[in-house]
Structure formats: C-alpha cells, structure tokens
Amino acid sequence: MKIRDSIAFVTGANRGLGLSIAGELLARGAKQVYAGVRSTSSWEADIPGIVPIQLDVTDPVSIAAAAAQCPDVNLLVNNAGIARVTESTLDPAWIATAREIFETNFYGVVLTTQAFAPVLAANGGGAILNVLSDASWFARPLLSAYSATKSAAWSFTNAARIELREKNIQVLGLHVGFMDTDMTAGYDLKKTSPREVASQALSALENEQQEVLADENTRFIKQSLSGNQPYYLNVPALA
Ligand SMILES: NC(=O)c1ccc[n+]([C@@H]2O[C@H](COP(=O)([O-])OP(=O)(O)OC[C@H]3O[C@@H](n4cnc5c(N)ncnc54)[C@H](OP(=O)(O)O)[C@@H]3O)[C@@H](O)[C@H]2O)c1
C-alpha cells in the first residue's frame, strides 16, 4: 500500500499510538487523515490534514455514521483499545471485565472492519492495519482478559486477510509489546516509543507485509511458538 496520497481513518487517534500513526501518515504524504475520536470537542490539536470524526467503536450507529462521512477512505487503522487488569484468572469480576474489553478490542475491530471494508473496496482497494499485541501469543494472569481480546482480534485479522485479499485490500497485523503511552503510565517497564512503532507499521504497509513485529521481545515470542519451550509456557514475571 502506498501511503503517499492515501486517505486514512485512524480509530482512537487523539492520543498514544493512534496519534503517532496519524502524524506519521501525514509525514509520509497521506492526502487526508480522519481521526476517529470519542468526543470531537476533546480534539485540541490543530494539525493541517487531520480531520476529527466522532467514533466510538463500541457503538455501531457511530461507526456507520463515520463510514458514511468518509467515503473516500482507502486505509483503515483499527487502533482504539483499552486494557484492564484482573486480580487473577479466578477473579469473580473476570467475565465482566473481559466483556468490557472485548466490546472495544474485539467487537470494535470487527464492527469497524465490516463498516469500512466496503468503502475501501469501492475505492479500488487499499489496506487495513490492525493494532494487536505480543499478548496475542501469551497471557499473564493479571492481564489474561486483555490477552484474550488480542488473541481473538489476531484470529479475526487472519480470517479477514484471506477474504479481503480478493478485494485488493491488504490486511496487516501489528504485534508489539509495552509502549510508552497512557496505557502503561505508572508501570516501570521497558517500553517502545509509539512514534517508532508507527514508523515500523507504515513501512511494513508500504512493503506489502501482512504482519509486523515491532520490538525484539515480540520477535522472540513469535519465534518461540514453534519451539519446545514456547514463551507462553513460562512467561517471566513483570520486572
Ligand atoms: N501501550 C501498550 O503497551 C500497548 C502494547 C500493545 C498493544 N497496544 C495497543 O495499542 C493500541 C493503542 O493503545 P495506546 O497504547 O495508544 O493506548 P492509549 O494511549 O490508552 O490510547 C487508547 C486510544 O483508544 C481510544 N479508545 C478507547 N476506547 C475507545 C472506543 N470505545 N472508541 C473509540 N476510541 C476508543 C482512546 O480514546 P479516549 O481518549 O477517548 O479514551 C485513545 O485514543 C490499543 O489497541 C492497545 O491495545 C498497546
């Protein structure tokens, strides 16, 4: 997918990785970037080339309205996401927590893809970038509900890729570990810069890749899956 002159829609674009992707799209010559935001009144940035559009990925009505408002899109970035911790896998609140995260991280991706894929197809094709995680491939008990959503989103990404290829739509899965965004604020961990991740993801799109592993640990985890000691059997404690 060529970024220059593309017209992109980025969900959750007001901060974190979504904002970095929006900025990197413009830096690479995108003609227009629609920033999907839950509240357009909270959009404070005045960046030429970026147009805020109201979108809550848990609300099918807002997704349909956003797709109707942006009929020229040829690149969709499913970035919006939330994380919640549970006390353990036996936490009585686990199912309620998982349901909440699934609404955004999984059903949100499905609904937004279903709304925008016909738009992309009508424009001759394009690409969908799904922001996944290294946690698609392992689960710590505390983050097990979040991991389940990212495993599910990975699965959907893999199915959508096969089907949308026929419509000239490239589907790219981005897997990454901890990034330095609000989502990990307060956790003293090794984190990758979201700007660096945005740059890698867009280079992968331009190189026609179907998957991008944006940090060394994510590459190690993926490689371990086919070995005798896959990472998910012995996940180290958070440092
Ligand atoms: N940070 C990490 O370590 C990490 C690692 C791997 C993958 N990821 C993934 O990267 C993506 C971006 O996360 P981030 O780190 O940039 O997090 P972030 O800084 O917390 O930003 C999350 C973004 O998603 C938006 N959002 C949340 N729920 C939404 C909804 N229902 N509808 C529309 N937008 C919604 C937020 O909007 P509001 O401002 O309105 O809340 C915000 O713009 C997520 O999919 C996340 O799972 C993050």
# chains A, B, ... in the order shown; residues from 1 in each chain; ligands from 1

$ residues_around --residues "region 118-124 of chain A" --least-positions-apart "3" --cutoff "9 Å" --atoms "only C-alpha atoms" --output "PyMOL selection string"
chain A and resi 67-68+70-76+113-115+127-128+164+167-169

$ write_last_selection --atoms "C-alpha atoms" --output "mmCIF file, in the first residue's frame"
data_model
loop_
_atom_site.group_PDB
_atom_site.id
_atom_site.type_symbol
_atom_site.label_atom_id
_atom_site.label_comp_id
_atom_site.auth_asym_id
_atom_site.auth_seq_id
_atom_site.Cartn_x
_atom_site.Cartn_y
_atom_site.Cartn_z
ATOM 1 C CA ALA A 67 -18.085 5.360 7.436
ATOM 2 C CA ALA A 68 -20.805 7.359 5.657
ATOM 3 C CA CYS A 70 -15.695 9.330 4.983
ATOM 4 C CA PRO A 71 -16.491 7.641 1.639
ATOM 5 C CA ASP A 72 -13.015 8.366 0.232
ATOM 6 C CA VAL A 73 -11.024 6.258 2.758
ATOM 7 C CA ASN A 74 -8.614 3.643 1.401
ATOM 8 C CA LEU A 75 -6.687 2.892 4.613
ATOM 9 C CA LEU A 76 -8.331 1.899 7.913
ATOM 10 C CA THR A 113 -13.837 -3.516 9.654
ATOM 11 C CA GLN A 114 -17.302 -4.543 8.496
ATOM 12 C CA ALA A 115 -18.320 -0.886 8.062
ATOM 13 C CA ALA A 127 -5.327 -1.616 3.414
ATOM 14 C CA ILE A 128 -6.416 -2.315 6.970
ATOM 15 C CA LEU A 164 -10.243 -9.165 1.694
ATOM 16 C CA LYS A 167 -10.947 -7.175 -2.958
ATOM 17 C CA ASN A 168 -7.406 -5.828 -3.277
ATOM 18 C CA ILE A 169 -7.307 -4.971 0.442
#

$ select_by_dssp --residues "region 28-129 of chain A" --states "alpha helix (DSSP H)" --output "VMD selection string"
chain A and resid 60 to 69 94 to 102 108 to 122

$ write_last_selection --atoms "C-alpha atoms" --output "PDB file, in the first residue's frame"
ATOM      1  CA  PRO A  60     -22.495   0.585  15.720  1.00  0.00           C
ATOM      2  CA  VAL A  61     -24.512   3.748  14.968  1.00  0.00           C
ATOM      3  CA  SER A  62     -21.442   5.962  15.355  1.00  0.00           C
ATOM      4  CA  ILE A  63     -19.358   3.558  13.249  1.00  0.00           C
ATOM      5  CA  ALA A  64     -21.924   3.579  10.425  1.00  0.00           C
ATOM      6  CA  ALA A  65     -22.111   7.393  10.585  1.00  0.00           C
ATOM      7  CA  ALA A  66     -18.313   7.690  10.440  1.00  0.00           C
ATOM      8  CA  ALA A  67     -18.085   5.360   7.436  1.00  0.00           C
ATOM      9  CA  ALA A  68     -20.805   7.359   5.657  1.00  0.00           C
ATOM     10  CA  GLN A  69     -18.980  10.639   6.394  1.00  0.00           C
ATOM     11  CA  TRP A  94     -13.115 -11.637  35.289  1.00  0.00           C
ATOM     12  CA  ILE A  95     -16.071 -12.176  32.964  1.00  0.00           C
ATOM     13  CA  ALA A  96     -17.489  -8.674  33.392  1.00  0.00           C
ATOM     14  CA  THR A  97     -14.027  -7.228  32.808  1.00  0.00           C
ATOM     15  CA  ALA A  98     -13.445  -9.401  29.747  1.00  0.00           C
ATOM     16  CA  ARG A  99     -16.841  -8.440  28.304  1.00  0.00           C
ATOM     17  CA  GLU A 100     -15.963  -4.771  28.694  1.00  0.00           C
ATOM     18  CA  ILE A 101     -12.597  -5.139  26.949  1.00  0.00           C
ATOM     19  CA  PHE A 102     -13.994  -7.407  24.219  1.00  0.00           C
ATOM     20  CA  GLY A 108     -14.981  -2.860  17.939  1.00  0.00           C
ATOM     21  CA  VAL A 109     -12.439  -4.133  15.408  1.00  0.00           C
ATOM     22  CA  VAL A 110     -14.998  -6.441  13.785  1.00  0.00           C
ATOM     23  CA  LEU A 111     -17.687  -3.761  13.516  1.00  0.00           C
ATOM     24  CA  THR A 112     -15.315  -1.095  12.193  1.00  0.00           C
ATOM     25  CA  THR A 113     -13.837  -3.516   9.654  1.00  0.00           C
ATOM     26  CA  GLN A 114     -17.302  -4.543   8.496  1.00  0.00           C
ATOM     27  CA  ALA A 115     -18.320  -0.886   8.062  1.00  0.00           C
ATOM     28  CA  PHE A 116     -15.187   0.282   6.256  1.00  0.00           C
ATOM     29  CA  ALA A 117     -14.228  -2.734   4.108  1.00  0.00           C
ATOM     30  CA  PRO A 118     -16.987  -1.933   1.580  1.00  0.00           C
ATOM     31  CA  VAL A 119     -15.739   1.695   1.468  1.00  0.00           C
ATOM     32  CA  LEU A 120     -12.190   0.537   0.737  1.00  0.00           C
ATOM     33  CA  ALA A 121     -13.432  -1.944  -1.861  1.00  0.00           C
ATOM     34  CA  ALA A 122     -15.499   0.775  -3.573  1.00  0.00           C
TER      35      ALA A 122
END

$ residues_near_ligand --ligand "ligand 1" --cutoff "7 Å" --atoms "only C-alpha atoms and all ligand atoms" --output "PyMOL selection string"
chain A and resi 11-18+36-39+55-58+79-83+104-105+131-134+175-184

$ select_by_dssp --residues "region 96-217 of chain A" --states "strand (DSSP E)" --output "PDB file with all heavy atoms, in the first residue's frame"
ATOM      1  N   GLY A 126      -7.175  -1.150  -0.916  1.00  0.00           N
ATOM      2  CA  GLY A 126      -6.357  -0.353   0.000  1.00  0.00           C
ATOM      3  C   GLY A 126      -5.805  -1.253   1.081  1.00  0.00           C
ATOM      4  O   GLY A 126      -5.325  -2.353   0.781  1.00  0.00           O
ATOM      5  N   ALA A 127      -5.917  -0.810   2.339  1.00  0.00           N
ATOM      6  CA  ALA A 127      -5.327  -1.616   3.414  1.00  0.00           C
ATOM      7  C   ALA A 127      -6.053  -1.397   4.734  1.00  0.00           C
ATOM      8  O   ALA A 127      -6.674  -0.355   4.960  1.00  0.00           O
ATOM      9  CB  ALA A 127      -3.851  -1.280   3.581  1.00  0.00           C
ATOM     10  N   ILE A 128      -5.948  -2.412   5.581  1.00  0.00           N
ATOM     11  CA  ILE A 128      -6.416  -2.315   6.970  1.00  0.00           C
ATOM     12  C   ILE A 128      -5.252  -2.705   7.860  1.00  0.00           C
ATOM     13  O   ILE A 128      -4.632  -3.767   7.668  1.00  0.00           O
ATOM     14  CB  ILE A 128      -7.616  -3.257   7.230  1.00  0.00           C
ATOM     15  CG1 ILE A 128      -8.796  -2.876   6.324  1.00  0.00           C
ATOM     16  CG2 ILE A 128      -8.031  -3.204   8.698  1.00  0.00           C
ATOM     17  CD1 ILE A 128     -10.016  -3.781   6.451  1.00  0.00           C
ATOM     18  N   LEU A 129      -4.932  -1.831   8.808  1.00  0.00           N
ATOM     19  CA  LEU A 129      -3.877  -2.102   9.788  1.00  0.00           C
ATOM     20  C   LEU A 129      -4.547  -2.352  11.136  1.00  0.00           C
ATOM     21  O   LEU A 129      -5.235  -1.469  11.664  1.00  0.00           O
ATOM     22  CB  LEU A 129      -2.929  -0.888   9.865  1.00  0.00           C
ATOM     23  CG  LEU A 129      -1.984  -0.767  11.053  1.00  0.00           C
ATOM     24  CD1 LEU A 129      -1.093  -1.989  11.203  1.00  0.00           C
ATOM     25  CD2 LEU A 129      -1.133   0.497  10.934  1.00  0.00           C
ATOM     26  N   ASN A 130      -4.389  -3.552  11.668  1.00  0.00           N
ATOM     27  CA  ASN A 130      -4.974  -3.879  12.971  1.00  0.00           C
ATOM     28  C   ASN A 130      -3.889  -3.867  14.046  1.00  0.00           C
ATOM     29  O   ASN A 130      -2.882  -4.591  13.927  1.00  0.00           O
ATOM     30  CB  ASN A 130      -5.647  -5.257  12.932  1.00  0.00           C
ATOM     31  CG  ASN A 130      -6.985  -5.206  12.203  1.00  0.00           C
ATOM     32  OD1 ASN A 130      -7.495  -4.126  11.888  1.00  0.00           O
ATOM     33  ND2 ASN A 130      -7.550  -6.359  11.934  1.00  0.00           N
ATOM     34  N   VAL A 131      -4.106  -3.055  15.080  1.00  0.00           N
ATOM     35  CA  VAL A 131      -3.131  -2.984  16.166  1.00  0.00           C
ATOM     36  C   VAL A 131      -3.430  -4.117  17.151  1.00  0.00           C
ATOM     37  O   VAL A 131      -4.449  -4.103  17.850  1.00  0.00           O
ATOM     38  CB  VAL A 131      -3.177  -1.612  16.869  1.00  0.00           C
ATOM     39  CG1 VAL A 131      -2.157  -1.585  18.009  1.00  0.00           C
ATOM     40  CG2 VAL A 131      -2.896  -0.490  15.867  1.00  0.00           C
ATOM     41  N   ILE A 169      -7.528  -5.628  -0.853  1.00  0.00           N
ATOM     42  CA  ILE A 169      -7.307  -4.971   0.442  1.00  0.00           C
ATOM     43  C   ILE A 169      -6.255  -5.767   1.207  1.00  0.00           C
ATOM     44  O   ILE A 169      -6.451  -6.946   1.521  1.00  0.00           O
ATOM     45  CB  ILE A 169      -8.617  -4.882   1.258  1.00  0.00           C
ATOM     46  CG1 ILE A 169      -9.642  -4.018   0.509  1.00  0.00           C
ATOM     47  CG2 ILE A 169      -8.343  -4.311   2.652  1.00  0.00           C
ATOM     48  CD1 ILE A 169     -11.037  -4.020   1.127  1.00  0.00           C
ATOM     49  N   GLN A 170      -5.136  -5.097   1.486  1.00  0.00           N
ATOM     50  CA  GLN A 170      -4.042  -5.700   2.275  1.00  0.00           C
ATOM     51  C   GLN A 170      -4.414  -5.614   3.759  1.00  0.00           C
ATOM     52  O   GLN A 170      -4.855  -4.561   4.220  1.00  0.00           O
ATOM     53  CB  GLN A 170      -2.762  -4.898   1.998  1.00  0.00           C
ATOM     54  CG  GLN A 170      -1.549  -5.242   2.824  1.00  0.00           C
ATOM     55  CD  GLN A 170      -0.458  -4.174   2.656  1.00  0.00           C
ATOM     56  OE1 GLN A 170      -0.617  -3.220   1.890  1.00  0.00           O
ATOM     57  NE2 GLN A 170       0.636  -4.315   3.375  1.00  0.00           N
ATOM     58  N   VAL A 171      -4.253  -6.701   4.492  1.00  0.00           N
ATOM     59  CA  VAL A 171      -4.526  -6.665   5.936  1.00  0.00           C
ATOM     60  C   VAL A 171      -3.228  -6.930   6.688  1.00  0.00           C
ATOM     61  O   VAL A 171      -2.591  -7.976   6.512  1.00  0.00           O
ATOM     62  CB  VAL A 171      -5.609  -7.698   6.326  1.00  0.00           C
ATOM     63  CG1 VAL A 171      -5.806  -7.729   7.837  1.00  0.00           C
ATOM     64  CG2 VAL A 171      -6.937  -7.357   5.638  1.00  0.00           C
ATOM     65  N   LEU A 172      -2.834  -5.955   7.492  1.00  0.00           N
ATOM     66  CA  LEU A 172      -1.563  -6.024   8.220  1.00  0.00           C
ATOM     67  C   LEU A 172      -1.837  -6.114   9.721  1.00  0.00           C
ATOM     68  O   LEU A 172      -2.535  -5.265  10.277  1.00  0.00           O
ATOM     69  CB  LEU A 172      -0.744  -4.762   7.923  1.00  0.00           C
ATOM     70  CG  LEU A 172       0.550  -4.577   8.720  1.00  0.00           C
ATOM     71  CD1 LEU A 172       1.606  -5.600   8.323  1.00  0.00           C
ATOM     72  CD2 LEU A 172       1.107  -3.163   8.519  1.00  0.00           C
ATOM     73  N   GLY A 173      -1.290  -7.132  10.378  1.00  0.00           N
ATOM     74  CA  GLY A 173      -1.382  -7.245  11.833  1.00  0.00           C
ATOM     75  C   GLY A 173      -0.110  -6.697  12.466  1.00  0.00           C
ATOM     76  O   GLY A 173       0.993  -7.095  12.098  1.00  0.00           O
ATOM     77  N   LEU A 174      -0.288  -5.765  13.413  1.00  0.00           N
ATOM     78  CA  LEU A 174       0.859  -5.192  14.134  1.00  0.00           C
ATOM     79  C   LEU A 174       0.911  -5.801  15.534  1.00  0.00           C
ATOM     80  O   LEU A 174      -0.052  -5.658  16.313  1.00  0.00           O
ATOM     81  CB  LEU A 174       0.685  -3.663  14.242  1.00  0.00           C
ATOM     82  CG  LEU A 174       1.542  -2.939  15.284  1.00  0.00           C
ATOM     83  CD1 LEU A 174       3.037  -3.060  14.981  1.00  0.00           C
ATOM     84  CD2 LEU A 174       1.140  -1.468  15.386  1.00  0.00           C
ATOM     85  N   HIS A 175       1.996  -6.476  15.833  1.00  0.00           N
ATOM     86  CA  HIS A 175       2.196  -7.029  17.174  1.00  0.00           C
ATOM     87  C   HIS A 175       3.314  -6.244  17.855  1.00  0.00           C
ATOM     88  O   HIS A 175       4.380  -6.044  17.271  1.00  0.00           O
ATOM     89  CB  HIS A 175       2.576  -8.513  17.102  1.00  0.00           C
ATOM     90  CG  HIS A 175       1.506  -9.360  16.505  1.00  0.00           C
ATOM     91  ND1 HIS A 175       0.562 -10.037  17.265  1.00  0.00           N
ATOM     92  CD2 HIS A 175       1.200  -9.626  15.217  1.00  0.00           C
ATOM     93  CE1 HIS A 175      -0.265 -10.687  16.466  1.00  0.00           C
ATOM     94  NE2 HIS A 175       0.103 -10.462  15.213  1.00  0.00           N
ATOM     95  N   GLU A 211       2.277  -8.856   8.285  1.00  0.00           N
ATOM     96  CA  GLU A 211       2.467  -8.889   9.736  1.00  0.00           C
ATOM     97  C   GLU A 211       3.721  -8.075  10.045  1.00  0.00           C
ATOM     98  O   GLU A 211       4.684  -8.121   9.294  1.00  0.00           O
ATOM     99  CB  GLU A 211       2.666 -10.344  10.173  1.00  0.00           C
ATOM    100  CG  GLU A 211       2.695 -10.551  11.657  1.00  0.00           C
ATOM    101  CD  GLU A 211       2.523 -12.037  11.999  1.00  0.00           C
ATOM    102  OE1 GLU A 211       3.555 -12.738  12.072  1.00  0.00           O
ATOM    103  OE2 GLU A 211       1.372 -12.473  12.178  1.00  0.00           O
ATOM    104  N   VAL A 212       3.673  -7.336  11.164  1.00  0.00           N
ATOM    105  CA  VAL A 212       4.875  -6.620  11.594  1.00  0.00           C
ATOM    106  C   VAL A 212       5.061  -6.841  13.098  1.00  0.00           C
ATOM    107  O   VAL A 212       4.112  -6.738  13.877  1.00  0.00           O
ATOM    108  CB  VAL A 212       4.830  -5.111  11.213  1.00  0.00           C
ATOM    109  CG1 VAL A 212       3.610  -4.411  11.757  1.00  0.00           C
ATOM    110  CG2 VAL A 212       6.098  -4.395  11.667  1.00  0.00           C
ATOM    111  N   LEU A 213       6.269  -7.197  13.469  1.00  0.00           N
ATOM    112  CA  LEU A 213       6.626  -7.447  14.871  1.00  0.00           C
ATOM    113  C   LEU A 213       7.557  -6.303  15.263  1.00  0.00           C
ATOM    114  O   LEU A 213       8.690  -6.225  14.790  1.00  0.00           O
ATOM    115  CB  LEU A 213       7.324  -8.806  15.010  1.00  0.00           C
ATOM    116  CG  LEU A 213       6.666  -9.978  14.262  1.00  0.00           C
ATOM    117  CD1 LEU A 213       7.454 -11.269  14.484  1.00  0.00           C
ATOM    118  CD2 LEU A 213       5.221 -10.163  14.711  1.00  0.00           C
TER     119      LEU A 213
END

$ closest_residue --among "A:Glu103, A:Asp91, A:Asp59, A:Glu166" --to "Gly125 (chain A)" --atoms "only C-alpha atoms"
A:Glu166

$ decode --residues "region 166-208 of chain A" --atoms "N, CA and C atoms" --output "mmCIF file, in the first residue's frame"
data_model
loop_
_atom_site.group_PDB
_atom_site.id
_atom_site.type_symbol
_atom_site.label_atom_id
_atom_site.label_comp_id
_atom_site.auth_asym_id
_atom_site.auth_seq_id
_atom_site.Cartn_x
_atom_site.Cartn_y
_atom_site.Cartn_z
ATOM 1 N N GLU A 166 -9.045 -10.722 -1.951
ATOM 2 C CA GLU A 166 -9.768 -10.778 -3.242
ATOM 3 C C GLU A 166 -10.303 -9.409 -3.643
ATOM 4 N N LYS A 167 -10.445 -8.524 -2.665
ATOM 5 C CA LYS A 167 -10.947 -7.175 -2.958
ATOM 6 C C LYS A 167 -9.803 -6.174 -3.027
ATOM 7 N N ASN A 168 -8.587 -6.688 -3.170
ATOM 8 C CA ASN A 168 -7.406 -5.828 -3.277
ATOM 9 C C ASN A 168 -7.163 -5.023 -1.992
ATOM 10 N N ILE A 169 -7.528 -5.628 -0.853
ATOM 11 C CA ILE A 169 -7.307 -4.971 0.442
ATOM 12 C C ILE A 169 -6.255 -5.767 1.207
ATOM 13 N N GLN A 170 -5.136 -5.097 1.486
ATOM 14 C CA GLN A 170 -4.042 -5.700 2.275
ATOM 15 C C GLN A 170 -4.414 -5.614 3.759
ATOM 16 N N VAL A 171 -4.253 -6.701 4.492
ATOM 17 C CA VAL A 171 -4.526 -6.665 5.936
ATOM 18 C C VAL A 171 -3.228 -6.930 6.688
ATOM 19 N N LEU A 172 -2.834 -5.955 7.492
ATOM 20 C CA LEU A 172 -1.563 -6.024 8.220
ATOM 21 C C LEU A 172 -1.837 -6.114 9.721
ATOM 22 N N GLY A 173 -1.290 -7.132 10.378
ATOM 23 C CA GLY A 173 -1.382 -7.245 11.833
ATOM 24 C C GLY A 173 -0.110 -6.697 12.466
ATOM 25 N N LEU A 174 -0.288 -5.765 13.413
ATOM 26 C CA LEU A 174 0.859 -5.192 14.134
ATOM 27 C C LEU A 174 0.911 -5.801 15.534
ATOM 28 N N HIS A 175 1.996 -6.476 15.833
ATOM 29 C CA HIS A 175 2.196 -7.029 17.174
ATOM 30 C C HIS A 175 3.314 -6.244 17.855
ATOM 31 N N VAL A 176 3.053 -5.842 19.084
ATOM 32 C CA VAL A 176 4.044 -5.028 19.808
ATOM 33 C C VAL A 176 3.866 -5.256 21.304
ATOM 34 N N GLY A 177 4.971 -5.126 22.039
ATOM 35 C CA GLY A 177 4.917 -5.219 23.499
ATOM 36 C C GLY A 177 4.660 -3.844 24.098
ATOM 37 N N PHE A 178 5.094 -3.648 25.330
ATOM 38 C CA PHE A 178 4.773 -2.398 26.020
ATOM 39 C C PHE A 178 5.291 -1.182 25.257
ATOM 40 N N MET A 179 4.400 -0.203 25.125
ATOM 41 C CA MET A 179 4.757 1.077 24.504
ATOM 42 C C MET A 179 4.583 2.184 25.543
ATOM 43 N N ASP A 180 5.263 3.278 25.280
ATOM 44 C CA ASP A 180 5.225 4.404 26.205
ATOM 45 C C ASP A 180 4.011 5.292 25.902
ATOM 46 N N THR A 181 2.845 4.853 26.379
ATOM 47 C CA THR A 181 1.603 5.630 26.181
ATOM 48 C C THR A 181 0.861 5.673 27.524
ATOM 49 N N ASP A 182 -0.279 6.349 27.534
ATOM 50 C CA ASP A 182 -1.078 6.421 28.765
ATOM 51 C C ASP A 182 -1.428 5.025 29.284
ATOM 52 N N MET A 183 -1.562 4.062 28.361
ATOM 53 C CA MET A 183 -1.991 2.718 28.765
ATOM 54 C C MET A 183 -1.024 2.079 29.757
ATOM 55 N N THR A 184 0.237 2.432 29.672
ATOM 56 C CA THR A 184 1.231 1.823 30.560
ATOM 57 C C THR A 184 1.783 2.831 31.568
ATOM 58 N N ALA A 185 1.121 3.997 31.668
ATOM 59 C CA ALA A 185 1.604 5.024 32.614
ATOM 60 C C ALA A 185 1.632 4.431 34.023
ATOM 61 N N GLY A 186 2.674 4.709 34.747
ATOM 62 C CA GLY A 186 2.769 4.218 36.124
ATOM 63 C C GLY A 186 3.447 2.864 36.234
ATOM 64 N N TYR A 187 3.675 2.209 35.102
ATOM 65 C CA TYR A 187 4.392 0.920 35.127
ATOM 66 C C TYR A 187 5.839 1.158 34.699
ATOM 67 N N ASP A 188 6.746 0.749 35.575
ATOM 68 C CA ASP A 188 8.169 0.961 35.309
ATOM 69 C C ASP A 188 8.699 -0.237 34.514
ATOM 70 N N LEU A 189 8.531 -0.167 33.199
ATOM 71 C CA LEU A 189 8.860 -1.294 32.321
ATOM 72 C C LEU A 189 9.667 -0.769 31.138
ATOM 73 N N LYS A 190 10.319 -1.686 30.455
ATOM 74 C CA LYS A 190 10.956 -1.290 29.196
ATOM 75 C C LYS A 190 9.839 -1.058 28.168
ATOM 76 N N LYS A 191 9.828 0.122 27.554
ATOM 77 C CA LYS A 191 8.739 0.467 26.636
ATOM 78 C C LYS A 191 9.304 0.993 25.320
ATOM 79 N N THR A 192 8.600 0.668 24.248
ATOM 80 C CA THR A 192 8.991 1.180 22.928
ATOM 81 C C THR A 192 8.255 2.486 22.674
ATOM 82 N N SER A 193 8.886 3.387 21.938
ATOM 83 C CA SER A 193 8.243 4.658 21.615
ATOM 84 C C SER A 193 7.136 4.429 20.574
ATOM 85 N N PRO A 194 5.940 5.003 20.806
ATOM 86 C CA PRO A 194 4.862 4.823 19.819
ATOM 87 C C PRO A 194 5.214 5.405 18.444
ATOM 88 N N ARG A 195 6.047 6.433 18.426
ATOM 89 C CA ARG A 195 6.445 7.002 17.125
ATOM 90 C C ARG A 195 7.268 6.007 16.327
ATOM 91 N N GLU A 196 8.154 5.281 17.049
ATOM 92 C CA GLU A 196 8.970 4.255 16.398
ATOM 93 C C GLU A 196 8.077 3.123 15.876
ATOM 94 N N VAL A 197 7.074 2.756 16.672
ATOM 95 C CA VAL A 197 6.162 1.676 16.268
ATOM 96 C C VAL A 197 5.329 2.121 15.055
ATOM 97 N N ALA A 198 4.865 3.369 15.085
ATOM 98 C CA ALA A 198 4.085 3.894 13.950
ATOM 99 C C ALA A 198 4.919 3.848 12.672
ATOM 100 N N SER A 199 6.166 4.225 12.793
ATOM 101 C CA SER A 199 7.042 4.235 11.618
ATOM 102 C C SER A 199 7.238 2.815 11.069
ATOM 103 N N GLN A 200 7.476 1.862 11.968
ATOM 104 C CA GLN A 200 7.652 0.470 11.510
ATOM 105 C C GLN A 200 6.383 -0.061 10.848
ATOM 106 N N ALA A 201 5.247 0.269 11.437
ATOM 107 C CA ALA A 201 3.978 -0.253 10.894
ATOM 108 C C ALA A 201 3.737 0.293 9.486
ATOM 109 N N LEU A 202 4.002 1.588 9.301
ATOM 110 C CA LEU A 202 3.726 2.171 7.979
ATOM 111 C C LEU A 202 4.760 1.713 6.945
ATOM 112 N N SER A 203 5.995 1.478 7.380
ATOM 113 C CA SER A 203 6.979 0.898 6.447
ATOM 114 C C SER A 203 6.527 -0.496 6.028
ATOM 115 N N ALA A 204 6.004 -1.267 6.983
ATOM 116 C CA ALA A 204 5.528 -2.625 6.662
ATOM 117 C C ALA A 204 4.363 -2.570 5.678
ATOM 118 N N LEU A 205 3.480 -1.590 5.869
ATOM 119 C CA LEU A 205 2.369 -1.436 4.919
ATOM 120 C C LEU A 205 2.900 -1.173 3.520
ATOM 121 N N GLU A 206 3.882 -0.242 3.458
ATOM 122 C CA GLU A 206 4.421 0.126 2.142
ATOM 123 C C GLU A 206 5.199 -1.019 1.508
ATOM 124 N N ASN A 207 5.746 -1.924 2.359
ATOM 125 C CA ASN A 207 6.481 -3.086 1.837
ATOM 126 C C ASN A 207 5.564 -4.277 1.552
ATOM 127 N N GLU A 208 4.244 -4.034 1.598
ATOM 128 C CA GLU A 208 3.245 -5.078 1.285
ATOM 129 C C GLU A 208 3.286 -6.240 2.271
#
